[in-house]
file coords_10.txt (compact mmCIF, C-alpha atoms)
# COMPACT_ATOMS: atom_id res chain seq x y z
CA MET A 1315 0.00 0.00 0.00
CA SER A 1316 1.42 3.35 -1.03
CA LEU A 1317 1.56 6.26 1.40
CA PRO A 1318 -0.54 9.35 0.71
CA ASP A 1319 1.15 12.46 -0.61
CA GLY A 1320 2.79 14.50 2.13
CA HIS A 1321 2.99 11.62 4.61
CA PRO A 1322 6.02 12.24 6.85
CA SER A 1323 8.92 9.82 6.63
CA VAL A 1324 9.08 7.79 9.85
CA ALA A 1325 12.07 5.70 10.88
CA TRP A 1326 11.33 2.67 13.01
CA GLY A 1327 12.53 -0.77 14.06
CA ARG A 1328 15.57 0.19 16.11
CA VAL A 1329 16.30 -0.16 19.83
CA GLY A 1330 17.93 2.54 21.93
CA VAL A 1331 20.04 2.19 25.06
CA LEU A 1332 20.47 5.43 27.00
CA LEU A 1333 23.14 5.40 29.71
CA ILE A 1334 22.43 8.05 32.35
CA ASN A 1335 24.62 9.47 35.07
CA LEU A 1336 24.22 12.34 37.51
CA GLY A 1337 25.76 15.26 35.63
CA THR A 1338 28.50 17.84 35.80
CA PRO A 1339 29.11 21.55 35.20
CA ASP A 1340 30.24 22.56 31.72
CA ALA A 1341 33.41 24.09 33.12
CA PRO A 1342 35.31 24.28 36.44
CA ASP A 1343 34.32 27.88 37.14
CA ALA A 1344 31.87 29.48 39.54
CA GLY A 1345 29.34 30.46 36.87
CA ALA A 1346 29.06 26.99 35.37
CA VAL A 1347 28.95 25.38 38.81
CA ARG A 1348 26.22 27.80 39.92
CA ARG A 1349 24.05 26.85 36.94
CA TYR A 1350 24.63 23.16 37.60
CA LEU A 1351 23.90 23.40 41.34
CA ALA A 1352 20.77 25.47 40.70
CA GLU A 1353 19.34 22.65 38.61
CA PHE A 1354 20.60 19.85 40.86
CA LEU A 1355 19.50 21.36 44.17
CA SER A 1356 16.11 22.44 42.82
CA ASP A 1357 15.14 18.81 42.24
CA PRO A 1358 12.55 17.83 44.89
CA ARG A 1359 13.86 14.26 44.70
CA VAL A 1360 17.25 15.52 45.87
CA VAL A 1361 16.19 18.04 48.51
CA GLU A 1362 12.98 16.93 50.20
CA ILE A 1363 12.23 20.25 51.88
CA PRO A 1364 9.11 22.30 51.05
CA PRO A 1365 10.03 24.80 48.30
CA LEU A 1366 8.82 27.79 50.33
CA LEU A 1367 11.44 26.95 52.96
CA TRP A 1368 14.18 25.72 50.64
CA LYS A 1369 14.26 28.31 47.84
CA PRO A 1370 15.34 31.25 50.04
CA ILE A 1371 18.16 29.10 51.46
CA LEU A 1372 19.20 27.84 48.01
CA HIS A 1373 19.18 31.22 46.25
CA GLY A 1374 20.03 33.41 49.21
CA VAL A 1375 22.86 31.39 50.73
CA ILE A 1376 24.02 28.23 48.91
CA LEU A 1377 24.20 29.56 45.35
CA ARG A 1378 26.04 32.64 46.63
CA THR A 1379 28.72 30.74 48.56
CA ARG A 1380 29.11 27.17 47.36
CA PRO A 1381 29.90 27.60 43.61
CA LYS A 1382 33.34 29.13 44.17
CA LYS A 1383 34.36 26.37 46.59
CA SER A 1384 32.99 23.63 44.33
CA ALA A 1385 34.65 25.18 41.27
CA HIS A 1386 38.02 24.90 43.00
CA ALA A 1387 37.32 21.23 43.74
CA TYR A 1388 36.36 20.58 40.09
CA SER A 1389 39.51 22.33 38.87
CA GLN A 1390 41.59 19.76 40.75
CA VAL A 1391 40.17 16.85 38.75
CA TRP A 1392 39.35 18.51 35.39
CA SER A 1393 41.27 17.17 32.39
CA GLU A 1394 41.69 17.91 28.70
CA GLN A 1395 38.63 15.75 28.12
CA GLY A 1396 36.66 17.86 30.59
CA SER A 1397 34.85 16.54 33.62
CA PRO A 1398 35.93 12.97 34.48
CA LEU A 1399 32.32 11.87 34.89
CA ALA A 1400 31.33 13.22 31.48
CA ALA A 1401 34.39 11.77 29.75
CA ILE A 1402 34.01 8.32 31.33
CA THR A 1403 30.26 8.07 30.71
CA ARG A 1404 30.83 9.00 27.07
CA ALA A 1405 33.59 6.37 26.85
CA GLN A 1406 31.28 3.74 28.36
CA ALA A 1407 28.62 4.45 25.75
CA GLU A 1408 31.16 4.37 22.92
CA ALA A 1409 32.60 1.07 24.16
CA LEU A 1410 29.13 -0.52 24.12
CA VAL A 1411 28.38 0.46 20.52
CA GLY A 1412 27.90 -2.68 18.44
CA SER A 1413 27.44 -4.94 21.46
CA TRP A 1414 23.96 -6.01 20.36
CA GLY A 1415 24.17 -5.51 16.61
CA GLU A 1416 23.62 -2.59 14.28
CA ARG A 1417 19.93 -2.28 15.18
CA VAL A 1418 20.77 -1.12 18.74
CA ILE A 1419 21.89 2.49 19.18
CA VAL A 1420 23.79 3.35 22.38
CA ASP A 1421 23.81 6.92 23.67
CA HIS A 1422 24.37 8.71 26.98
CA ALA A 1423 22.86 11.59 28.92
CA MET A 1424 23.11 13.40 32.24
CA ARG A 1425 20.29 14.03 34.68
CA TYR A 1426 21.59 17.55 35.30
CA GLY A 1427 23.46 19.53 32.69
CA ARG A 1428 24.29 18.24 29.22
CA PRO A 1429 23.64 16.14 27.23
CA ALA A 1430 20.08 16.32 28.54
CA ILE A 1431 17.90 13.22 28.86
CA ALA A 1432 15.01 14.73 26.88
CA ASP A 1433 17.31 15.72 24.01
CA ARG A 1434 18.87 12.27 23.74
CA ILE A 1435 15.51 10.46 23.90
CA ALA A 1436 14.33 12.68 21.04
CA ALA A 1437 17.52 11.92 19.11
CA LEU A 1438 17.07 8.18 19.57
CA ALA A 1439 13.44 8.40 18.44
CA ASP A 1440 14.48 10.39 15.37
CA GLN A 1441 16.89 7.58 14.49
CA GLY A 1442 14.05 5.07 14.51
CA CYS A 1443 14.24 3.74 18.07
CA ASP A 1444 10.69 2.73 18.92
CA ARG A 1445 11.98 0.86 21.98
CA ILE A 1446 14.36 2.47 24.49
CA LEU A 1447 16.06 1.09 27.58
CA ILE A 1448 16.71 3.84 30.12
CA ALA A 1449 19.83 2.78 32.04
CA PRO A 1450 20.67 4.91 35.09
CA LEU A 1451 24.18 3.80 36.07
CA TYR A 1452 23.50 3.65 39.80
CA PRO A 1453 24.11 0.15 41.19
CA GLN A 1454 22.14 0.92 44.35
CA TYR A 1455 18.62 2.30 43.93
CA CYS A 1456 17.88 5.68 45.46
CA ALA A 1457 14.98 8.01 44.80
CA ALA A 1458 17.44 10.92 44.56
CA THR A 1459 19.39 9.24 41.73
CA THR A 1460 17.63 6.40 39.93
CA ALA A 1461 14.07 7.64 40.36
CA THR A 1462 14.72 11.20 39.29
CA ALA A 1463 16.46 10.02 36.10
CA ASN A 1464 13.46 7.83 35.31
CA ASP A 1465 11.09 10.71 36.16
CA VAL A 1466 12.62 12.87 33.44
CA ALA A 1467 12.44 10.03 30.91
CA PHE A 1468 8.76 9.43 31.63
CA ALA A 1469 8.01 13.17 31.56
CA THR A 1470 9.72 13.40 28.18
CA LEU A 1471 7.41 10.76 26.76
CA ALA A 1472 4.41 12.73 28.08
CA GLY A 1473 5.23 15.43 25.54
CA MET A 1474 5.72 13.11 22.58
CA ARG A 1475 3.00 12.26 20.09
CA ARG A 1476 4.75 9.09 18.94
CA GLN A 1477 6.06 7.48 22.09
CA PRO A 1478 8.67 4.72 22.08
CA ALA A 1479 8.18 1.76 24.38
CA LEU A 1480 10.27 2.24 27.51
CA ARG A 1481 12.11 -0.06 29.90
CA THR A 1482 14.31 0.94 32.83
CA LEU A 1483 17.43 -0.76 34.16
CA PRO A 1484 16.81 -2.00 37.72
CA ALA A 1485 19.31 -1.69 40.56
CA TYR A 1486 22.17 -4.14 40.21
CA HIS A 1487 23.69 -3.83 43.67
CA ASP A 1488 23.75 -7.61 44.22
CA ASP A 1489 24.04 -8.81 40.63
CA PRO A 1490 26.67 -11.56 40.38
CA ALA A 1491 28.19 -9.90 37.29
CA TYR A 1492 28.59 -6.62 39.17
CA ILE A 1493 30.07 -8.22 42.29
CA ALA A 1494 32.46 -10.31 40.19
CA ALA A 1495 33.64 -7.23 38.28
CA LEU A 1496 34.17 -5.30 41.51
CA LYS A 1497 36.11 -8.20 43.02
CA ALA A 1498 38.40 -8.49 40.01
CA SER A 1499 38.91 -4.73 39.85
CA VAL A 1500 39.77 -4.42 43.55
CA GLU A 1501 42.17 -7.36 43.41
CA GLU A 1502 43.87 -5.92 40.33
CA SER A 1503 44.24 -2.53 42.04
CA LEU A 1504 45.58 -4.05 45.25
CA THR A 1505 48.34 -5.91 43.42
CA ALA A 1506 49.59 -2.58 42.05
CA LEU A 1507 50.06 -1.04 45.50
CA ASP A 1508 53.41 -0.84 47.26
CA PHE A 1509 51.82 -1.78 50.58
CA GLU A 1510 49.32 -4.35 51.87
CA PRO A 1511 46.17 -2.70 53.27
CA ASP A 1512 44.88 -4.09 56.54
CA THR A 1513 41.60 -2.20 56.11
CA ILE A 1514 39.47 -1.76 52.99
CA VAL A 1515 36.85 0.96 53.28
CA ALA A 1516 33.77 0.76 51.05
CA SER A 1517 32.58 4.36 50.82
CA PHE A 1518 29.16 5.10 49.34
CA HIS A 1519 27.55 8.46 48.67
CA GLY A 1520 25.60 9.51 51.73
CA MET A 1521 21.90 10.30 51.99
CA PRO A 1522 19.85 11.93 54.75
CA ALA A 1523 19.06 9.34 57.42
CA ARG A 1524 15.34 10.05 57.08
CA THR A 1525 15.33 8.53 53.58
CA LEU A 1526 15.74 5.11 55.21
CA ALA A 1527 12.74 5.71 57.46
CA LEU A 1528 10.73 6.88 54.44
CA GLY A 1529 11.29 3.53 52.71
CA ASP A 1530 14.21 4.21 50.40
CA PRO A 1531 16.17 0.93 49.97
CA TYR A 1532 19.48 2.69 49.35
CA HIS A 1533 21.08 1.96 52.74
CA CYS A 1534 20.13 -1.70 52.47
CA HIS A 1535 21.48 -1.93 48.93
CA CYS A 1536 24.81 -0.37 49.96
CA SER A 1537 25.10 -2.72 52.93
CA LYS A 1538 24.43 -5.74 50.76
CA THR A 1539 26.96 -4.67 48.12
CA ALA A 1540 29.63 -4.22 50.80
CA ARG A 1541 28.81 -7.58 52.36
CA LEU A 1542 28.84 -9.47 49.06
CA LEU A 1543 32.05 -7.80 47.91
CA GLY A 1544 33.69 -8.59 51.24
CA GLU A 1545 32.63 -12.22 50.95
CA ALA A 1546 33.99 -12.38 47.40
CA LEU A 1547 37.31 -10.89 48.53
CA ARG A 1548 37.29 -13.09 51.64
CA ARG A 1549 37.89 -10.12 53.89
CA PRO A 1550 35.43 -7.81 55.66
CA LEU A 1551 34.93 -4.28 54.39
CA THR A 1552 34.37 -1.17 56.49
CA LEU A 1553 31.12 0.42 55.28
CA THR A 1554 30.97 4.24 55.34
CA PHE A 1555 29.02 7.10 53.74
CA GLN A 1556 30.52 10.28 52.30
CA SER A 1557 29.41 13.68 50.96
CA ARG A 1558 27.39 14.95 53.91
CA PHE A 1559 25.56 18.21 53.17
CA GLY A 1560 23.65 20.51 55.48
CA ARG A 1561 22.73 20.10 59.13
CA ALA A 1562 20.38 17.12 58.92
CA LYS A 1563 21.49 13.73 60.21
CA TRP A 1564 22.93 11.60 57.40
CA LEU A 1565 23.63 7.91 57.06
CA GLU A 1566 26.55 6.79 59.21
CA PRO A 1567 29.35 6.06 59.82
CA ALA A 1568 30.77 9.05 57.97
CA THR A 1569 33.74 8.38 55.68
CA ASP A 1570 35.79 11.38 56.82
CA VAL A 1571 35.32 10.51 60.49
CA ALA A 1572 36.24 6.87 59.84
CA LEU A 1573 39.37 7.83 57.87
CA ALA A 1574 40.55 10.11 60.67
CA GLU A 1575 40.10 7.33 63.22
CA LEU A 1576 41.91 4.81 61.02
CA GLY A 1577 44.75 7.30 60.62
CA ARG A 1578 45.02 7.69 64.39
CA GLN A 1579 45.17 3.90 64.70
CA GLY A 1580 48.04 3.71 62.21
CA ARG A 1581 46.09 1.44 59.87
CA LYS A 1582 47.01 0.84 56.22
CA VAL A 1583 43.95 1.80 54.23
CA ALA A 1584 42.54 1.33 50.74
CA VAL A 1585 39.21 2.93 49.79
CA VAL A 1586 36.85 1.64 47.13
CA CYS A 1587 33.63 3.43 46.07
CA PRO A 1588 31.24 0.73 44.78
CA GLY A 1589 28.29 3.10 44.50
CA PHE A 1590 29.85 5.03 41.63
CA SER A 1591 29.96 3.57 38.12
CA ALA A 1592 32.48 6.21 37.04
CA ASP A 1593 35.11 8.27 38.80
CA CYS A 1594 33.96 11.80 39.49
CA LEU A 1595 34.36 14.74 41.87
CA GLU A 1596 33.20 12.62 44.82
CA THR A 1597 35.82 9.94 44.26
CA LEU A 1598 38.77 11.82 42.77
CA GLU A 1599 38.63 14.97 44.90
CA GLU A 1600 36.65 14.03 47.99
CA ILE A 1601 38.30 10.64 48.58
CA ALA A 1602 41.59 10.48 46.64
CA ILE A 1603 42.63 14.02 47.62
CA ARG A 1604 40.73 15.24 50.70
CA GLY A 1605 40.24 11.78 52.15
CA ARG A 1606 43.96 11.14 51.93
CA GLU A 1607 44.66 14.50 53.59
CA THR A 1608 42.23 13.71 56.43
CA PHE A 1609 43.81 10.30 56.95
CA ARG A 1610 47.37 11.62 56.99
CA ALA A 1611 46.55 14.64 59.15
CA ALA A 1612 45.35 12.16 61.77
CA GLY A 1613 48.68 10.33 61.69
CA GLY A 1614 48.15 7.74 58.97
CA SER A 1615 50.66 7.07 56.20
CA ASP A 1616 49.65 4.23 53.84
CA PHE A 1617 46.52 5.21 51.89
CA ALA A 1618 45.20 4.33 48.45
CA TYR A 1619 42.08 5.07 46.50
CA LEU A 1620 40.99 2.23 44.19
CA SER A 1621 39.41 3.42 40.94
CA CYS A 1622 35.82 2.72 39.87
CA LEU A 1623 35.02 0.23 37.12
CA ASN A 1624 34.80 3.12 34.63
CA ALA A 1625 35.24 2.13 30.97
CA THR A 1626 37.67 -0.69 31.74
CA GLN A 1627 37.20 -4.06 30.12
CA LEU A 1628 35.81 -5.38 33.40
CA GLY A 1629 33.34 -2.52 33.63
CA ILE A 1630 32.19 -2.73 30.04
CA GLU A 1631 31.72 -6.50 30.13
CA MET A 1632 29.63 -6.10 33.27
CA LEU A 1633 27.45 -3.43 31.65
CA ARG A 1634 27.14 -5.55 28.52
CA THR A 1635 25.85 -8.43 30.66
CA ILE A 1636 23.29 -6.57 32.76
CA ILE A 1637 22.03 -4.37 29.92
CA GLY A 1638 21.85 -7.32 27.52
CA ARG A 1639 19.63 -9.12 30.01
CA GLU A 1640 17.16 -6.20 30.03
CA LEU A 1641 17.05 -6.16 26.22
CA ALA A 1642 15.71 -9.72 26.11
CA GLY A 1643 12.75 -9.96 23.76
CA TRP A 1644 13.75 -6.77 21.99
CA VAL A 1645 17.06 -8.05 20.69
CA GLU A 1646 17.97 -11.52 19.55
CA PRO A 1647 20.48 -13.14 21.98
call {"tool": "encode", "arguments": {"input": "coords_10.txt", "output": "structure tokens"}}
result
Amino acid sequence: MSLPDGHPSVAWGRVGVLLINLGTPDAPDAGAVRRYLAEFLSDPRVVEIPPLLWKPILHGVILRTRPKKSAHAYSQVWSEQGSPLAAITRAQAEALVGSWGERVIVDHAMRYGRPAIADRIAALADQGCDRILIAPLYPQYCAATTATANDVAFATLAGMRRQPALRTLPAYHDDPAYIAALKASVEESLTALDFEPDTIVASFHGMPARTLALGDPYHCHCSKTARLLGEALRRPLTLTFQSRFGRAKWLEPATDVALAELGRQGRKVAVVCPGFSADCLETLEEIAIRGRETFRAAGGSDFAYLSCLNATQLGIEMLRTIIGRELAGWVEP
């Protein structure tokens, strides 16, 4: 049957995979950081305070004082490729191209900043993707990370006349492929050290303690990841939470407090961050730089930060496994 005159050309029959991570400023300067923080800290999934109370604090205090400090932190980890998180997420997407055949298009986006989720969903649809897997790269589910990324994807579809079918990648905090990749990565990193750690700290991004009481499974997911990784390595891990913000009580024990105590005890410490799929400000500046300084200021000497899975072969094979599983029925095995 021939199409009527003027009928728009419509591409179809392809599958999209959209990797999503948190986001980053466009540059390590106060202006770019201010724009990024304004978007990030205006998300009600991130800051669960009534807007009438929060907005005066955000615009009157935080966005006037924090950008300069954060810009300095970003400048310490910025590279020729830009933000580490942006560069690594892009590299992960590029490494996965072709993993499931030519019919599957792999792209990436950021929840805050660029490339925007809505823009990349539109780009995938324009390329004929009538089925899209949204893949937030957060191993442990949290409403402030996984859910808000999915929220934007669903909201994007609400404005589309021709909607693609959508799936979302579930948390993979206890997935055997993820634990095996972490184990191999940690062991590989440990063999490269010039000392033998007697303590391995598993530091996860912190969340307000009330999120646990409200039913967020994040704390439980982090605890299970640390336990399973410790069992795989055949040595217990010290579970901590980093990146406290504000005056509210956050999940404990706090990473900086734990590192200071371990330094006072003269322990030999290695830190791994299993909650991050890619190295970023929170791992490279907060742990590898400031964490080391905290540890040594307390009297410690032997300290190492162990890199995330990033776009290593171990990391890419793990992503290929867990994403391929979610594409079942859409893509031939």
call {"tool": "residues_near_point", "arguments": {"input": "coords_10.txt", "point": "(36.2, -11.6, 50.5)", "cutoff": "12 Å", "atoms": "all atoms listed in the file", "output": "MDAnalysis selection string"}}
result
chainID A and resid 1493:1494 1496:1498 1500:1501 1514 1539:1551
call {"tool": "write_last_selection", "arguments": {"input": "coords_10.txt", "atoms": "C-alpha atoms", "output": "JSON list (two decimals), in the frame of the given file"}}
result
[["chain", "number", "residue", "atom", "x", "y", "z"],
["A", 1493, "ILE", "CA", 30.07, -8.22, 42.29],
["A", 1494, "ALA", "CA", 32.46, -10.31, 40.19],
["A", 1496, "LEU", "CA", 34.17, -5.30, 41.51],
["A", 1497, "LYS", "CA", 36.11, -8.20, 43.02],
["A", 1498, "ALA", "CA", 38.40, -8.49, 40.01],
["A", 1500, "VAL", "CA", 39.77, -4.42, 43.55],
["A", 1501, "GLU", "CA", 42.17, -7.36, 43.41],
["A", 1514, "ILE", "CA", 39.47, -1.76, 52.99],
["A", 1539, "THR", "CA", 26.96, -4.67, 48.12],
["A", 1540, "ALA", "CA", 29.63, -4.22, 50.80],
["A", 1541, "ARG", "CA", 28.81, -7.58, 52.36],
["A", 1542, "LEU", "CA", 28.84, -9.47, 49.06],
["A", 1543, "LEU", "CA", 32.05, -7.80, 47.91],
["A", 1544, "GLY", "CA", 33.69, -8.59, 51.24],
["A", 1545, "GLU", "CA", 32.63, -12.22, 50.95],
["A", 1546, "ALA", "CA", 33.99, -12.38, 47.40],
["A", 1547, "LEU", "CA", 37.31, -10.89, 48.53],
["A", 1548, "ARG", "CA", 37.29, -13.09, 51.64],
["A", 1549, "ARG", "CA", 37.89, -10.12, 53.89],
["A", 1550, "PRO", "CA", 35.43, -7.81, 55.66],
["A", 1551, "LEU", "CA", 34.93, -4.28, 54.39]]
call {"tool": "closest_residue", "arguments": {"input": "coords_10.txt", "among": "A:Ala1341, A:Asp1440, A:Ala1457, A:Gly1613", "to": "Gly1529 of chain A", "atoms": "all atoms listed in the file"}}
result
A:Ala1457
call {"tool": "atom_distance", "arguments": {"input": "coords_10.txt", "atom1": "atom CA of Thr1525 of chain A", "atom2": "atom CA of Ile1363 of chain A"}}
result
12.2 Å
call {"tool": "atom_distance", "arguments": {"input": "coords_10.txt", "atom1": "atom CA of Arg1604 of chain A", "atom2": "atom CA of Asp1570 of chain A"}}
result
8.8 Å
call {"tool": "closest_residue", "arguments": {"input": "coords_10.txt", "among": "A:Cys1587, A:Leu1628, A:Ala1437, A:Ala1467", "to": "Gln1454 of chain A", "atoms": "all atoms listed in the file"}}
result
A:Cys1587
call {"tool": "closest_residue", "arguments": {"input": "coords_10.txt", "among": "A:Ser1413, A:Gln1441, A:Thr1460, A:Asn1624", "to": "Cys1594 of chain A", "atoms": "only C-alpha atoms"}}
result
A:Asn1624
call {"tool": "residues_around", "arguments": {"input": "coords_10.txt", "residues": "Gly1629 of chain A", "least_positions_apart": "4", "cutoff": "9 Å", "atoms": "only C-alpha atoms", "output": "ChimeraX atom specification"}}
result
/A:1406,1492,1495-1496,1499,1591,1622-1625,1633-1634
call {"tool": "atom_distance", "arguments": {"input": "coords_10.txt", "atom1": "atom CA of Leu1447 of chain A", "atom2": "atom CA of Pro1531 of chain A"}}
result
22.4 Å
call {"tool": "residues_around", "arguments": {"input": "coords_10.txt", "residues": "Gly1614 of chain A", "least_positions_apart": "4", "cutoff": "6 Å", "atoms": "all atoms listed in the file", "output": "PDB file with C-alpha atoms, in the frame of the given file"}}
result
ATOM      1  CA  GLY A1577      44.750   7.300  60.620  1.00  0.00           C
ATOM      2  CA  GLY A1580      48.040   3.710  62.210  1.00  0.00           C
ATOM      3  CA  PHE A1609      43.810  10.300  56.950  1.00  0.00           C
ATOM      4  CA  ARG A1610      47.370  11.620  56.990  1.00  0.00           C
TER       5      ARG A1610
END
call {"tool": "closest_residue", "arguments": {"input": "coords_10.txt", "among": "A:Ile1603, A:Val1347, A:Ala1485, A:Met1632", "to": "Ser1397 of chain A", "atoms": "only C-alpha atoms"}}
result
A:Val1347
call {"tool": "closest_residue", "arguments": {"input": "coords_10.txt", "among": "A:Ala1458, A:Leu1483, A:Leu1377, A:Ala1463", "to": "Thr1635 of chain A", "atoms": "all atoms listed in the file"}}
result
A:Leu1483
call {"tool": "residues_around", "arguments": {"input": "coords_10.txt", "residues": "segment 1565-1569 of chain A", "least_positions_apart": "6", "cutoff": "9 Å", "atoms": "all atoms listed in the file", "output": "ChimeraX atom specification"}}
result
/A:1515-1518,1520-1524,1526,1533,1553-1558,1601,1605
call {"tool": "write_last_selection", "arguments": {"input": "coords_10.txt", "atoms": "C-alpha atoms", "output": "short mmCIF file (atom, residue, chain, number, x, y, z; two decimals), in the frame of the given file"}}
result
data_model
loop_
_atom_site.label_atom_id
_atom_site.label_comp_id
_atom_site.auth_asym_id
_atom_site.auth_seq_id
_atom_site.Cartn_x
_atom_site.Cartn_y
_atom_site.Cartn_z
CA VAL A 1515 36.85 0.96 53.28
CA ALA A 1516 33.77 0.76 51.05
CA SER A 1517 32.58 4.36 50.82
CA PHE A 1518 29.16 5.10 49.34
CA GLY A 1520 25.60 9.51 51.73
CA MET A 1521 21.90 10.30 51.99
CA PRO A 1522 19.85 11.93 54.75
CA ALA A 1523 19.06 9.34 57.42
CA ARG A 1524 15.34 10.05 57.08
CA LEU A 1526 15.74 5.11 55.21
CA HIS A 1533 21.08 1.96 52.74
CA LEU A 1553 31.12 0.42 55.28
CA THR A 1554 30.97 4.24 55.34
CA PHE A 1555 29.02 7.10 53.74
CA GLN A 1556 30.52 10.28 52.30
CA SER A 1557 29.41 13.68 50.96
CA ARG A 1558 27.39 14.95 53.91
CA ILE A 1601 38.30 10.64 48.58
CA GLY A 1605 40.24 11.78 52.15
#
call {"tool": "residues_around", "arguments": {"input": "coords_10.txt", "residues": "Pro1381 of chain A", "least_positions_apart": "5", "cutoff": "12 Å", "atoms": "only C-alpha atoms", "output": "JSON, numbers by chain"}}
result
{"A": [1339, 1341, 1342, 1343, 1344, 1345, 1346, 1347, 1348, 1349, 1350, 1351, 1352, 1372, 1373, 1375, 1376, 1386, 1387, 1388, 1389]}
